[in-house]
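One file, entry00.csv, is given below (CSV, C-alpha atoms and all ligand atoms).
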```
chain,number,residue,atom,x,y,z
C,1,MET,CA,-26.6,-7.2,-9.1
C,2,VAL,CA,-27.1,-4.0,-11.1
C,3,THR,CA,-25.1,-3.9,-14.3
C,4,LEU,CA,-23.3,-1.0,-15.9
C,5,SER,CA,-24.5,-0.1,-19.3
C,6,PRO,CA,-24.2,1.2,-21.9
C,7,ARG,CA,-20.5,1.5,-22.3
C,8,ALA,CA,-19.2,5.1,-22.3
C,9,THR,CA,-17.2,5.4,-25.5
C,10,ASP,CA,-14.5,8.0,-26.2
C,11,ASP,CA,-17.0,10.0,-28.3
C,12,SER,CA,-19.7,9.8,-25.8
C,13,ILE,CA,-17.4,11.4,-23.1
C,14,GLU,CA,-16.8,14.3,-25.5
C,15,GLN,CA,-20.5,14.6,-26.0
C,16,LEU,CA,-21.1,14.4,-22.3
C,17,ALA,CA,-18.5,17.1,-21.5
C,18,LYS,CA,-20.3,19.5,-23.9
C,19,MET,CA,-23.7,19.1,-22.3
C,20,PRO,CA,-24.6,22.5,-20.6
C,21,ASP,CA,-25.1,20.9,-17.1
C,22,CYS,CA,-21.9,18.9,-17.4
C,23,ALA,CA,-19.9,21.9,-18.8
C,24,ARG,CA,-21.1,24.0,-15.8
C,25,GLY,CA,-19.6,21.3,-13.4
C,26,LEU,CA,-16.3,21.2,-15.3
C,27,ASP,CA,-16.2,25.0,-15.3
C,28,TRP,CA,-16.7,25.1,-11.6
C,29,ILE,CA,-13.7,22.7,-11.2
C,30,THR,CA,-11.5,24.8,-13.5
C,31,LYS,CA,-12.1,27.9,-11.3
C,32,ASN,CA,-12.1,26.4,-7.8
C,33,VAL,CA,-9.0,24.2,-7.4
C,34,PRO,CA,-7.6,26.5,-4.7
C,35,TRP,CA,-10.9,26.2,-2.7
C,36,VAL,CA,-10.6,22.4,-2.9
C,37,THR,CA,-7.0,22.6,-1.6
C,38,ASP,CA,-8.1,24.8,1.3
C,39,GLN,CA,-10.6,22.2,2.3
C,40,GLN,CA,-7.9,19.5,2.1
C,41,VAL,CA,-5.7,21.6,4.5
C,42,ARG,CA,-8.6,22.0,7.0
C,43,LEU,CA,-9.5,18.2,6.9
C,44,THR,CA,-5.8,17.2,7.2
C,45,GLU,CA,-5.3,19.4,10.3
C,46,ILE,CA,-8.0,17.5,12.2
C,47,PRO,CA,-6.2,14.4,13.6
C,48,ALA,CA,-7.9,11.1,12.6
C,49,PRO,CA,-5.9,8.1,14.0
C,50,GLU,CA,-7.5,4.7,13.3
C,51,PHE,CA,-10.6,4.2,15.5
C,52,ASN,CA,-10.7,8.0,16.2
C,53,GLU,CA,-12.0,9.4,12.9
C,54,ALA,CA,-15.2,11.1,14.4
C,55,ARG,CA,-14.0,14.7,14.6
C,56,ARG,CA,-12.7,14.7,11.0
C,57,GLY,CA,-15.9,12.9,10.0
C,58,GLU,CA,-18.1,15.7,11.6
C,59,PHE,CA,-16.2,18.3,9.7
C,60,LEU,CA,-16.6,16.4,6.4
C,61,LYS,CA,-20.3,16.2,7.2
C,62,THR,CA,-20.6,20.0,7.4
C,63,LEU,CA,-18.7,20.4,4.1
C,64,PHE,CA,-21.1,18.0,2.4
C,65,GLU,CA,-24.1,19.7,3.9
C,66,ALA,CA,-22.9,23.1,2.8
C,67,THR,CA,-23.1,21.8,-0.8
C,68,GLY,CA,-26.8,20.8,-0.3
C,69,TRP,CA,-26.4,17.0,-0.1
C,70,GLN,CA,-28.3,14.7,2.2
C,71,VAL,CA,-25.8,13.6,4.8
C,72,ARG,CA,-25.8,11.1,7.6
C,73,ILE,CA,-23.2,9.3,9.8
C,74,ASP,CA,-23.8,5.5,10.1
C,75,LYS,CA,-23.1,3.6,13.3
C,76,THR,CA,-19.7,2.5,12.0
C,77,GLY,CA,-18.7,6.2,11.7
C,78,ASN,CA,-18.9,6.5,7.9
C,79,VAL,CA,-20.0,10.0,6.6
C,80,ILE,CA,-22.5,9.3,3.8
C,81,ALA,CA,-23.8,12.0,1.3
C,82,GLU,CA,-26.4,10.9,-1.2
C,83,ARG,CA,-27.6,12.5,-4.4
C,84,PRO,CA,-30.7,10.6,-5.5
C,85,GLY,CA,-31.0,9.6,-9.1
C,86,THR,CA,-34.2,8.7,-10.9
C,87,ASP,CA,-33.4,5.0,-10.2
C,88,ALA,CA,-33.0,4.5,-6.4
C,89,LYS,CA,-32.1,0.9,-7.0
C,90,SER,CA,-28.8,1.6,-8.7
C,91,VAL,CA,-25.9,3.3,-6.9
C,92,ILE,CA,-22.5,4.6,-7.8
C,93,LEU,CA,-20.4,4.8,-4.6
C,94,LEU,CA,-17.3,6.9,-4.2
C,95,VAL,CA,-15.3,6.5,-1.0
C,96,ALA,CA,-12.3,8.1,0.6
C,97,HIS,CA,-10.9,6.9,3.9
C,98,LEU,CA,-10.9,9.3,6.8
C,99,ASP,CA,-8.3,7.6,8.9
C,100,THR,CA,-4.5,8.0,9.0
C,101,VAL,CA,-1.7,5.8,10.3
C,102,PHE,CA,-0.6,8.5,12.7
C,103,PRO,CA,-1.4,8.5,16.5
C,104,ALA,CA,-3.1,11.6,18.0
C,105,SER,CA,0.2,12.9,19.4
C,106,VAL,CA,1.6,13.6,15.9
C,107,ASP,CA,1.6,17.3,14.8
C,108,VAL,CA,-0.6,17.4,11.7
C,109,ARG,CA,-0.5,21.2,11.0
C,110,VAL,CA,0.1,21.8,7.4
C,111,LYS,CA,3.2,23.8,6.3
C,112,ARG,CA,2.9,25.6,3.0
C,113,ASP,CA,6.0,26.3,0.9
C,114,ALA,CA,4.9,27.7,-2.5
C,115,ASN,CA,2.9,24.9,-4.1
C,116,ARG,CA,4.1,22.3,-1.7
C,117,LEU,CA,2.0,21.3,1.3
C,118,SER,CA,3.7,19.2,4.0
C,119,ALA,CA,1.9,17.3,6.8
C,120,PRO,CA,1.3,13.7,7.9
C,121,GLY,CA,-1.8,12.5,6.0
C,122,ILE,CA,-1.9,15.5,3.5
C,123,ALA,CA,-1.9,13.1,0.5
C,124,ASP,CA,-3.1,9.8,2.1
C,125,ASN,CA,-5.8,10.6,2.4
C,126,GLY,CA,-6.2,14.4,2.4
C,127,ALA,CA,-6.1,14.3,-1.4
C,128,GLY,CA,-8.9,11.7,-1.5
C,129,LEU,CA,-11.1,13.5,0.9
C,130,ALA,CA,-10.6,16.8,-0.8
C,131,ALA,CA,-11.6,15.2,-4.1
C,132,LEU,CA,-14.8,13.9,-2.6
C,133,VAL,CA,-15.6,17.5,-1.4
C,134,GLY,CA,-14.7,19.0,-4.8
C,135,LEU,CA,-16.9,16.4,-6.5
C,136,ALA,CA,-19.8,17.1,-4.2
C,137,ARG,CA,-19.6,20.8,-5.0
C,138,ALA,CA,-19.1,20.4,-8.7
C,139,LEU,CA,-22.1,18.0,-9.0
C,140,SER,CA,-24.3,20.5,-7.1
C,141,GLU,CA,-23.1,23.4,-9.2
C,142,SER,CA,-23.7,21.4,-12.4
C,143,ARG,CA,-27.4,20.8,-11.4
C,144,ILE,CA,-27.1,17.7,-13.5
C,145,ARG,CA,-29.8,15.0,-13.0
C,146,THR,CA,-28.6,11.4,-13.1
C,147,THR,CA,-30.2,8.1,-13.5
C,148,LYS,CA,-28.2,6.3,-10.8
C,149,THR,CA,-28.0,7.6,-7.3
C,150,ILE,CA,-24.5,9.0,-6.5
C,151,VAL,CA,-23.2,8.3,-3.0
C,152,LEU,CA,-20.1,9.9,-1.6
C,153,ALA,CA,-18.7,8.5,1.6
C,154,GLY,CA,-15.8,9.4,3.9
C,155,ASP,CA,-15.2,5.9,5.5
C,156,VAL,CA,-13.4,4.7,8.6
C,157,GLY,CA,-11.0,1.9,9.2
C,158,GLU,CA,-8.9,1.6,6.0
C,159,GLU,CA,-5.5,1.9,7.6
C,160,GLY,CA,-3.7,-0.3,10.1
C,161,GLU,CA,-5.9,-2.5,12.2
C,162,GLY,CA,-9.2,-0.9,11.0
C,163,ASN,CA,-9.7,-4.1,8.9
C,164,LEU,CA,-11.7,-2.1,6.2
C,165,ARG,CA,-14.7,-2.0,8.6
C,166,GLY,CA,-16.0,1.2,7.0
C,167,ILE,CA,-16.2,-0.1,3.4
C,168,ARG,CA,-17.5,-3.5,4.7
C,169,ALA,CA,-20.4,-1.7,6.3
C,170,LEU,CA,-21.1,0.4,3.2
C,171,VAL,CA,-21.0,-2.6,0.9
C,172,GLU,CA,-23.3,-4.5,3.2
C,173,ASN,CA,-25.7,-1.6,3.4
C,174,TYR,CA,-26.0,-0.8,-0.3
C,175,GLY,CA,-25.6,-4.5,-1.3
C,176,SER,CA,-27.0,-5.5,-4.7
C,177,ARG,CA,-27.8,-1.8,-5.5
C,178,LEU,CA,-24.1,-1.1,-6.1
C,179,ALA,CA,-23.3,-0.7,-9.8
C,180,ALA,CA,-19.7,0.4,-9.2
C,181,VAL,CA,-17.4,1.5,-6.4
C,182,ILE,CA,-14.6,4.0,-6.8
C,183,ALA,CA,-12.1,4.3,-3.9
C,184,ILE,CA,-10.2,7.6,-4.0
C,185,ASP,CA,-6.9,7.0,-2.2
C,186,GLY,CA,-3.9,9.4,-2.4
C,187,ALA,CA,-3.1,11.8,-5.2
C,188,SER,CA,-1.7,10.1,-8.3
C,189,ILE,CA,-3.9,9.8,-11.4
C,190,GLU,CA,-1.3,7.7,-13.3
C,191,HIS,CA,-2.8,4.5,-12.1
C,192,ILE,CA,-6.0,2.6,-11.9
C,193,THR,CA,-5.9,-0.1,-9.3
C,194,THR,CA,-8.0,-3.0,-10.5
C,195,GLN,CA,-6.7,-5.9,-8.4
C,196,GLY,CA,-7.0,-6.1,-4.7
C,197,ILE,CA,-4.0,-7.8,-2.9
C,198,ALA,CA,-4.9,-10.3,-0.2
C,199,SER,CA,-3.4,-9.7,3.2
C,200,GLN,CA,-3.3,-11.2,6.7
C,201,ARG,CA,-2.2,-9.3,9.7
C,202,VAL,CA,-1.4,-11.1,13.0
C,203,GLU,CA,0.2,-10.4,16.3
C,204,ILE,CA,2.3,-13.1,17.8
C,205,THR,CA,3.0,-13.1,21.5
C,206,ILE,CA,5.5,-15.4,23.2
C,207,ALA,CA,5.2,-15.6,27.0
C,208,GLY,CA,7.2,-17.2,29.8
C,209,ALA,CA,7.9,-17.0,33.5
C,210,GLY,CA,10.4,-14.1,33.2
C,211,GLY,CA,12.8,-13.4,36.1
C,212,HIS,CA,15.9,-11.6,37.3
C,213,SER,CA,18.7,-11.1,34.7
C,214,TRP,CA,21.4,-12.4,37.1
C,215,SER,CA,19.7,-14.8,39.5
C,216,ASP,CA,17.5,-16.4,36.9
C,217,PHE,CA,20.1,-16.3,34.1
C,218,GLY,CA,19.6,-19.2,31.7
C,219,ALA,CA,15.8,-19.2,31.8
C,220,PRO,CA,14.1,-19.1,28.4
C,221,ASN,CA,13.7,-15.6,27.1
C,222,PRO,CA,10.6,-14.6,25.0
C,223,ILE,CA,12.5,-11.8,23.2
C,224,THR,CA,15.3,-14.2,22.2
C,225,ALA,CA,12.8,-16.8,21.1
C,226,LEU,CA,10.9,-14.2,19.0
C,227,ALA,CA,14.2,-13.0,17.5
C,228,ARG,CA,15.1,-16.6,16.5
C,229,ALA,CA,11.6,-16.9,14.9
C,230,ILE,CA,11.9,-13.7,12.9
C,231,VAL,CA,15.3,-14.7,11.6
C,232,LYS,CA,14.0,-18.1,10.6
C,233,PHE,CA,10.9,-16.8,8.8
C,234,SER,CA,13.0,-14.1,7.0
C,235,ALA,CA,15.0,-16.9,5.3
C,236,VAL,CA,11.8,-18.5,3.9
C,237,ASN,CA,11.5,-18.1,0.1
C,238,VAL,CA,8.8,-15.5,-0.8
C,239,PRO,CA,7.7,-15.9,-4.5
C,240,ASP,CA,7.8,-13.2,-7.1
C,241,ASN,CA,4.9,-14.8,-8.9
C,242,PRO,CA,2.3,-14.5,-7.4
C,243,ARG,CA,4.0,-11.3,-6.0
C,244,SER,CA,4.1,-11.6,-2.2
C,245,SER,CA,5.5,-9.7,0.7
C,246,PHE,CA,5.9,-9.8,4.5
C,247,ASN,CA,6.8,-7.1,7.1
C,248,PHE,CA,7.6,-7.3,10.8
C,249,GLY,CA,6.1,-3.9,11.7
C,250,VAL,CA,5.9,-3.4,15.4
C,251,ILE,CA,7.9,-5.2,18.1
C,252,GLU,CA,7.3,-5.0,21.9
C,253,GLY,CA,8.3,-6.8,25.0
C,254,GLY,CA,10.1,-6.6,28.4
C,255,THR,CA,9.9,-4.1,31.2
C,256,SER,CA,13.5,-3.4,32.2
C,257,VAL,CA,17.1,-4.0,31.1
C,258,ASN,CA,17.8,-6.3,34.1
C,259,SER,CA,14.7,-8.4,33.9
C,260,ILE,CA,14.1,-11.5,31.7
C,261,PRO,CA,10.9,-10.5,30.0
C,262,ALA,CA,7.6,-12.3,30.7
C,263,SER,CA,6.4,-11.6,27.2
C,264,ALA,CA,7.4,-10.3,23.7
C,265,SER,CA,5.2,-9.7,20.7
C,266,VAL,CA,5.4,-8.7,17.1
C,267,LYS,CA,2.9,-7.5,14.5
C,268,VAL,CA,3.3,-9.0,11.1
C,269,ASP,CA,1.8,-8.1,7.7
C,270,LEU,CA,1.6,-10.8,5.0
C,271,ARG,CA,0.4,-10.0,1.5
C,272,SER,CA,0.1,-11.7,-1.9
C,273,GLU,CA,-1.7,-11.4,-5.2
C,274,GLN,CA,-3.2,-14.9,-4.3
C,275,GLU,CA,-5.0,-15.7,-1.1
C,276,ALA,CA,-3.6,-19.2,-1.1
C,277,GLN,CA,0.0,-17.8,-0.9
C,278,VAL,CA,-1.0,-15.8,2.1
C,279,LYS,CA,-2.1,-19.0,3.8
C,280,ILE,CA,1.2,-20.7,2.9
C,281,MET,CA,3.2,-17.8,4.4
C,282,GLU,CA,1.0,-17.9,7.5
C,283,THR,CA,1.8,-21.5,8.0
C,284,ALA,CA,5.5,-20.9,7.5
C,285,LEU,CA,5.4,-18.1,10.0
C,286,ARG,CA,3.8,-20.3,12.7
C,287,ASP,CA,6.4,-23.0,11.9
C,288,ALA,CA,9.2,-20.4,12.4
C,289,VAL,CA,7.7,-19.4,15.7
C,290,ASP,CA,7.5,-23.0,16.9
C,291,THR,CA,11.1,-23.6,15.8
C,292,GLY,CA,12.3,-20.3,17.5
C,293,ILE,CA,10.7,-21.4,20.8
C,294,LYS,CA,12.1,-25.0,20.5
C,295,GLU,CA,15.6,-23.6,20.0
C,296,GLU,CA,15.3,-21.2,22.8
C,297,MET,CA,14.0,-23.9,25.1
C,298,SER,CA,16.9,-26.3,24.2
C,299,ALA,CA,19.4,-23.5,24.8
C,300,ALA,CA,18.0,-22.7,28.2
C,301,ARG,CA,20.3,-23.6,31.1
C,302,VAL,CA,17.6,-23.6,33.7
C,303,ASN,CA,14.8,-26.0,33.3
C,304,ASN,CA,12.0,-23.6,33.4
C,305,ASP,CA,8.3,-23.6,32.4
C,306,PRO,CA,8.0,-23.8,28.6
C,307,LEU,CA,7.4,-20.7,26.6
C,308,LYS,CA,3.8,-20.3,25.3
C,309,VAL,CA,2.7,-18.7,22.1
C,310,SER,CA,-0.5,-17.0,21.1
C,311,VAL,CA,-1.6,-15.6,17.8
C,312,ARG,CA,-4.2,-12.8,17.4
C,313,SER,CA,-5.6,-11.8,14.1
C,314,LEU,CA,-5.4,-8.1,13.4
C,315,GLY,CA,-7.5,-8.4,10.3
C,316,SER,CA,-7.5,-9.9,6.8
C,317,ARG,CA,-8.3,-8.6,3.4
C,318,PRO,CA,-9.7,-10.7,0.6
C,319,ALA,CA,-8.3,-10.6,-2.9
C,320,GLY,CA,-10.3,-9.7,-6.0
C,321,LYS,CA,-9.8,-8.5,-9.6
C,322,LEU,CA,-11.8,-6.4,-11.9
C,323,PRO,CA,-12.2,-8.0,-15.4
C,324,ASP,CA,-10.1,-6.3,-18.1
C,325,ASP,CA,-13.3,-5.8,-20.2
C,326,SER,CA,-15.3,-4.2,-17.4
C,327,PRO,CA,-17.4,-1.1,-18.4
C,328,LEU,CA,-16.1,0.6,-15.3
C,329,LEU,CA,-12.5,0.3,-16.5
C,330,ASP,CA,-13.6,1.2,-20.1
C,331,THR,CA,-15.2,4.4,-18.8
C,332,PHE,CA,-12.0,5.4,-16.9
C,333,ARG,CA,-9.9,4.7,-20.0
C,334,ASN,CA,-12.2,6.8,-22.2
C,335,VAL,CA,-12.2,9.7,-19.8
C,336,ASP,CA,-8.4,9.4,-19.6
C,337,ALA,CA,-8.2,9.5,-23.4
C,338,PHE,CA,-10.5,12.6,-23.5
C,339,LEU,CA,-8.4,14.4,-20.8
C,340,GLY,CA,-5.1,13.3,-22.3
C,341,ASN,CA,-4.2,11.5,-19.1
C,342,ARG,CA,-2.0,8.3,-19.2
C,343,SER,CA,-2.6,5.7,-16.6
C,344,ARG,CA,-1.5,2.1,-16.0
C,345,LEU,CA,-3.2,-0.8,-14.2
C,346,GLU,CA,-2.0,-1.6,-10.7
C,347,ARG,CA,-2.5,-4.0,-7.8
C,348,SER,CA,-2.8,-2.8,-4.2
C,349,SER,CA,-4.6,-3.3,-1.0
C,350,THR,CA,-7.4,-0.7,-0.6
C,351,ASP,CA,-11.0,-0.2,0.2
C,352,ALA,CA,-11.7,-1.7,-3.3
C,353,ASN,CA,-10.7,-5.1,-2.0
C,354,ILE,CA,-14.1,-5.6,-0.4
C,355,PRO,CA,-16.4,-5.0,-3.4
C,356,LEU,CA,-13.9,-6.7,-5.7
C,357,SER,CA,-13.9,-9.9,-3.5
C,358,LEU,CA,-17.8,-9.9,-3.9
C,359,GLY,CA,-17.7,-9.5,-7.7
C,360,ILE,CA,-18.9,-5.8,-7.5
C,361,PRO,CA,-17.0,-3.6,-10.1
C,362,ALA,CA,-14.5,-1.5,-8.2
C,363,VAL,CA,-11.3,0.4,-8.7
C,364,SER,CA,-9.0,2.6,-6.6
C,365,VAL,CA,-7.6,5.8,-8.1
C,366,GLY,CA,-6.0,9.0,-6.8
C,367,GLY,CA,-7.8,12.3,-6.3
C,368,GLY,CA,-5.4,14.4,-8.4
C,369,GLY,CA,-2.2,16.3,-7.9
C,370,LYS,CA,1.2,14.9,-6.8
C,371,GLY,CA,2.2,13.4,-3.4
C,372,GLY,CA,4.9,11.4,-1.7
C,373,GLY,CA,6.2,10.2,1.6
C,374,SER,CA,2.9,8.5,2.4
C,375,HIS,CA,2.8,6.9,6.0
C,376,THR,CA,5.9,9.0,7.0
C,377,LEU,CA,6.2,12.3,8.9
C,378,THR,CA,7.6,14.0,5.8
C,379,GLU,CA,4.5,13.4,3.7
C,380,TRP,CA,3.9,16.1,1.1
C,381,TYR,CA,1.3,17.1,-1.6
C,382,ASP,CA,1.4,19.4,-4.6
C,383,ALA,CA,-1.9,20.5,-6.2
C,384,SER,CA,-0.4,20.8,-9.7
C,385,GLY,CA,-2.6,18.6,-11.9
C,386,ARG,CA,-5.5,18.5,-9.4
C,387,GLU,CA,-7.9,20.0,-12.0
C,388,THR,CA,-7.4,16.9,-14.3
C,389,GLY,CA,-7.9,14.6,-11.4
C,390,LEU,CA,-11.2,16.2,-10.3
C,391,LYS,CA,-12.5,16.4,-13.9
C,392,ARG,CA,-11.5,12.7,-14.4
C,393,LEU,CA,-13.6,11.8,-11.3
C,394,PHE,CA,-16.5,14.1,-12.3
C,395,LEU,CA,-16.8,12.8,-15.9
C,396,THR,CA,-16.4,9.1,-14.9
C,397,THR,CA,-19.0,9.5,-12.2
C,398,VAL,CA,-21.5,11.2,-14.5
C,399,ALA,CA,-20.9,8.8,-17.3
C,400,LEU,CA,-21.4,5.8,-15.0
C,401,ALA,CA,-24.5,7.4,-13.4
C,402,GLY,CA,-26.1,8.3,-16.7
C,403,VAL,CA,-27.5,11.8,-17.4
C,404,GLN,CA,-31.3,12.5,-17.5
C,405,PRO,CA,-32.4,15.0,-20.1
X,1,ZN,ZN,-4.7,5.6,1.9
```
Entire entry expressed as structure tokens:
Amino acid sequence: MVTLSPRATDDSIEQLAKMPDCARGLDWITKNVPWVTDQQVRLTEIPAPEFNEARRGEFLKTLFEATGWQVRIDKTGNVIAERPGTDAKSVILLVAHLDTVFPASVDVRVKRDANRLSAPGIADNGAGLAALVGLARALSESRIRTTKTIVLAGDVGEEGEGNLRGIRALVENYGSRLAAVIAIDGASIEHITTQGIASQRVEITIAGAGGHSWSDFGAPNPITALARAIVKFSAVNVPDNPRSSFNFGVIEGGTSVNSIPASASVKVDLRSEQEAQVKIMETALRDAVDTGIKEEMSAARVNNDPLKVSVRSLGSRPAGKLPDDSPLLDTFRNVDAFLGNRSRLERSSTDANIPLSLGIPAVSVGGGGKGGGSHTLTEWYDASGRETGLKRLFLTTVALAGVQP
């Protein structure tokens, strides 16, 4: 694997920022924050539900092309812009996910109220995509020549059931050439995510014969069995250390109020700082489902066909952690010191999970500005502070890529 060196020190960031090419890029950022915000609005207003990112991707491609980058769309749907360095074998990859958690029917038009922009997806990940576009333009304007190749990618499949297929394809493609991966997700620049949380997502379906609510009364009911299982599992002890969580997120079943349903299903998200704990919770979940079915069968008054259970994986994310002494983290810290930005280390489940799980240096950070209400219809974004966020990404990228005289 390519290694990152030398370490960017606090002083060297100051030196870097003073170099004429670099200063030109920073100056472009200072003057063009409103332009970046306009691109964010245009990107956000193109719906991009999971598995339907293509239209937004096409638009991102035209934005990259307009800045003079080489752009292609890979077969997974990732939009990839490359800026070759003198060393083609060493790559700094920055990604921002194109997809949102919202179905195509959701109104994604952006409402502006003074500095506040409101729309589903405006921050997650409108802020990340806008940062990529701003970075592409600032690097072009700077005319800086780097040692490492810089790759910017709008990737697919980060949210929901996408199972990180976009970043998986990028990491597979660039492989051992990756010196560092930076995932830009959301707005906040007060954190650096260095630890990837492991997760497992499953859909559990319980099926039975079904029947008429009156004439077949007493037959085992899949919805009731599922409800028993959910209550059982919710009583299971989930540890604080390693920090772990579960969520029953979507529940479906039945066809009418006067029919005993033939099936019922629930989608469950299990997470932990440790992969082993996710496995423990998965086993406990399956036990709870078995118990729920057993209880429902023994409560049945009519001796019917037994209920059947099936479990479908909706995707899993591996865990991983960036070492505290990583040059990638040092660089971010030194850039933060130079810009007067305070940030803390965090754990989360993001695109960075994939490179981290393979030992490739990776972090997830925000693109700048403020945001809230992520994954809700009342999501908002405020561009105050965006300038610092963009400069932070610009300086970190250039420091990592190395400047050619
Ligand atoms: Zn996101």
Exercise. Got a sec: who's within 8 Å of Gly166 (chain C), counting all atoms listed in the file, leaving out chain neighbours fewer than 3 positions off, as number ranges by chain?
Worked result: C: 76-78, 155-158, 169-170
For this session: Just the residues within 10 Å of Gly254 (chain C), please, counting all atoms listed in the file, with nothing from its chain fewer than 2 positions along; format it as a list of chain:residue names.
Result: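 Here the qualifying residues turn out to be C:Gly210, C:Asn221, C:Pro222, C:Ile223, C:Glu252, C:Ser256, C:Val257, C:Asn258, C:Ser259, C:Ile260, C:Pro261, C:Ala262, C:Ser263, C:Ala264, C:Ser265.
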Exercise. Using all atoms listed in the file, which protein or nucleic acid residues are at most 8 Å from ligand ZN 1 (chain X), as an MDAnalysis selection string?
Worked result: chainID C and resid 97 100 124:125 158:159 185:186 350
Exercise. Separation of CA of Ile150 (chain C) and CA of Ile80 (chain C), in Å?
Worked result: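 Answer for the CA of Ile150 (chain C) to CA of Ile80 (chain C) separation: 10.5 Å.
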For this session: Return the single residue from C:Ala23, C:Val309, C:Val278, C:Val202 that is closest to Ala225 (chain C), with distances computed using all atoms listed in the file.
Result: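 Nearest candidate to Ala225 (chain C) out of C:Ala23, C:Val309, C:Val278, C:Val202: C:Val309.
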Exercise. Residues at most 12 Å from Ala235 (chain C), counting only C-alpha atoms, excluding those fewer than 3 positions away in the same chain, as a list in words?
Worked result: Arg228, Ala229, Ile230, Val231, Lys232, Val238, Phe246, Met281, Ala284, Leu285 and Ala288 of chain C
Problem set entry | Nearby residues, (-5.3, -10.4, -1.7) file frame, 8 Å, only C-alpha atoms, as a VMD selection string | chain C and resid 196 to 199 271 to 275 278 317 to 320 349 353
For this session: Could you please determine the separation between CA of Val236 (chain C) and CA of Asp269 (chain C) in Å, to one decimal place?
Result: 14.9 Å
For this session: Excluding Gly359 (chain C) and residues on its chain fewer than 6 positions from it, collect all residues at most 10 Å away from it, counting only C-alpha atoms, and give them as a list in words.
Result: Met1, Gly320, Lys321, Leu322 and Pro323 of chain C
For this session: Identify which of the residues C:Ser213, C:Thr397, C:Thr62, C:Gln39 lies closest to Val335 (chain C), counting all atoms listed in the file when measuring atom-to-atom distances.
Result: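 Once distances to Val335 (chain C) are computed over all atoms listed in the file, the minimum belongs to C:Thr397.
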Problem set entry | One-decimal distance in Å that lies between CA of Glu379 (chain C) and CA of Ile122 (chain C) | 6.7 Å
Problem set entry | Shortest interatomic distance to Asp330 (chain C) - which of C:Ser90, C:Ser12, C:Ser310, C:Arg301, counting only C-alpha atoms |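 Smallest distance to Asp330 (chain C) is found for C:Ser12.
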Need the shell around Trp69 (chain C): protein/DNA/RNA residues with any atom at most 8 Å away, counting all atoms listed in the file. Skip same-chain ones fewer than 2 positions apart. Format as a PDB file with C-alpha atoms, in the coordinates of the input?
```pdb
ATOM      1  CA  PHE C  64     -21.100  18.000   2.400  1.00  0.00           C
ATOM      2  CA  GLU C  65     -24.100  19.700   3.900  1.00  0.00           C
ATOM      3  CA  ALA C  66     -22.900  23.100   2.800  1.00  0.00           C
ATOM      4  CA  THR C  67     -23.100  21.800  -0.800  1.00  0.00           C
ATOM      5  CA  VAL C  71     -25.800  13.600   4.800  1.00  0.00           C
ATOM      6  CA  ALA C  81     -23.800  12.000   1.300  1.00  0.00           C
ATOM      7  CA  GLU C  82     -26.400  10.900  -1.200  1.00  0.00           C
ATOM      8  CA  ARG C  83     -27.600  12.500  -4.400  1.00  0.00           C
ATOM      9  CA  ALA C 136     -19.800  17.100  -4.200  1.00  0.00           C
TER      10      ALA C 136
END
```
Exercise. Of the candidates C:Asn173, C:Ser188, C:Ser215, C:Gln404, which shows the shortest atom-to-atom distance to Val302 (chain C), using all atoms listed in the file?
Worked result: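 Closest residue, counting all atoms listed in the file: C:Ser215.
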For this session: Name the closest residue to Asn163 (chain C) among the candidates C:Ile354, C:Cys22, C:Ile360, C:Ala138; distances are taken between atoms, counting all atoms listed in the file.
Result: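 Checking each candidate against Asn163 (chain C), we get C:Ile354 as the closest.
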For this session: Would you mind telling me which residue in C:Leu129, C:Val108, C:Ala299, C:Val268 lies nearest to Thr376 (chain C) when using only C-alpha atoms?
Result: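 Using only C-alpha atoms, the shortest distance to Thr376 (chain C) belongs to C:Val108.
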Please rebuild region 195-202 of chain C with N, CA and C atoms and give the result as a PDB file, in the frame of the given file.
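Just written: rebuild_18.pdb:
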```
ATOM      1  N   GLN C 195      -6.813  -4.574  -9.133  1.00  0.00           N
ATOM      2  CA  GLN C 195      -6.700  -5.900  -8.400  1.00  0.00           C
ATOM      3  C   GLN C 195      -6.377  -5.611  -6.973  1.00  0.00           C
ATOM      4  N   GLY C 196      -7.128  -6.276  -6.126  1.00  0.00           N
ATOM      5  CA  GLY C 196      -7.000  -6.100  -4.700  1.00  0.00           C
ATOM      6  C   GLY C 196      -6.026  -7.232  -4.162  1.00  0.00           C
ATOM      7  N   ILE C 197      -4.997  -6.809  -3.444  1.00  0.00           N
ATOM      8  CA  ILE C 197      -4.000  -7.800  -2.900  1.00  0.00           C
ATOM      9  C   ILE C 197      -4.599  -8.342  -1.589  1.00  0.00           C
ATOM     10  N   ALA C 198      -4.466  -9.675  -1.438  1.00  0.00           N
ATOM     11  CA  ALA C 198      -4.900 -10.300  -0.200  1.00  0.00           C
ATOM     12  C   ALA C 198      -3.913 -10.064   0.903  1.00  0.00           C
ATOM     13  N   SER C 199      -4.388  -9.880   2.127  1.00  0.00           N
ATOM     14  CA  SER C 199      -3.400  -9.700   3.200  1.00  0.00           C
ATOM     15  C   SER C 199      -3.966 -10.348   4.500  1.00  0.00           C
ATOM     16  N   GLN C 200      -3.032 -10.649   5.370  1.00  0.00           N
ATOM     17  CA  GLN C 200      -3.300 -11.200   6.700  1.00  0.00           C
ATOM     18  C   GLN C 200      -2.427 -10.498   7.665  1.00  0.00           C
ATOM     19  N   ARG C 201      -3.004  -9.958   8.748  1.00  0.00           N
ATOM     20  CA  ARG C 201      -2.200  -9.300   9.700  1.00  0.00           C
ATOM     21  C   ARG C 201      -2.372  -9.986  11.080  1.00  0.00           C
ATOM     22  N   VAL C 202      -1.271 -10.350  11.706  1.00  0.00           N
ATOM     23  CA  VAL C 202      -1.400 -11.100  13.000  1.00  0.00           C
ATOM     24  C   VAL C 202      -0.403 -10.484  13.996  1.00  0.00           C
TER      25      VAL C 202
END
```
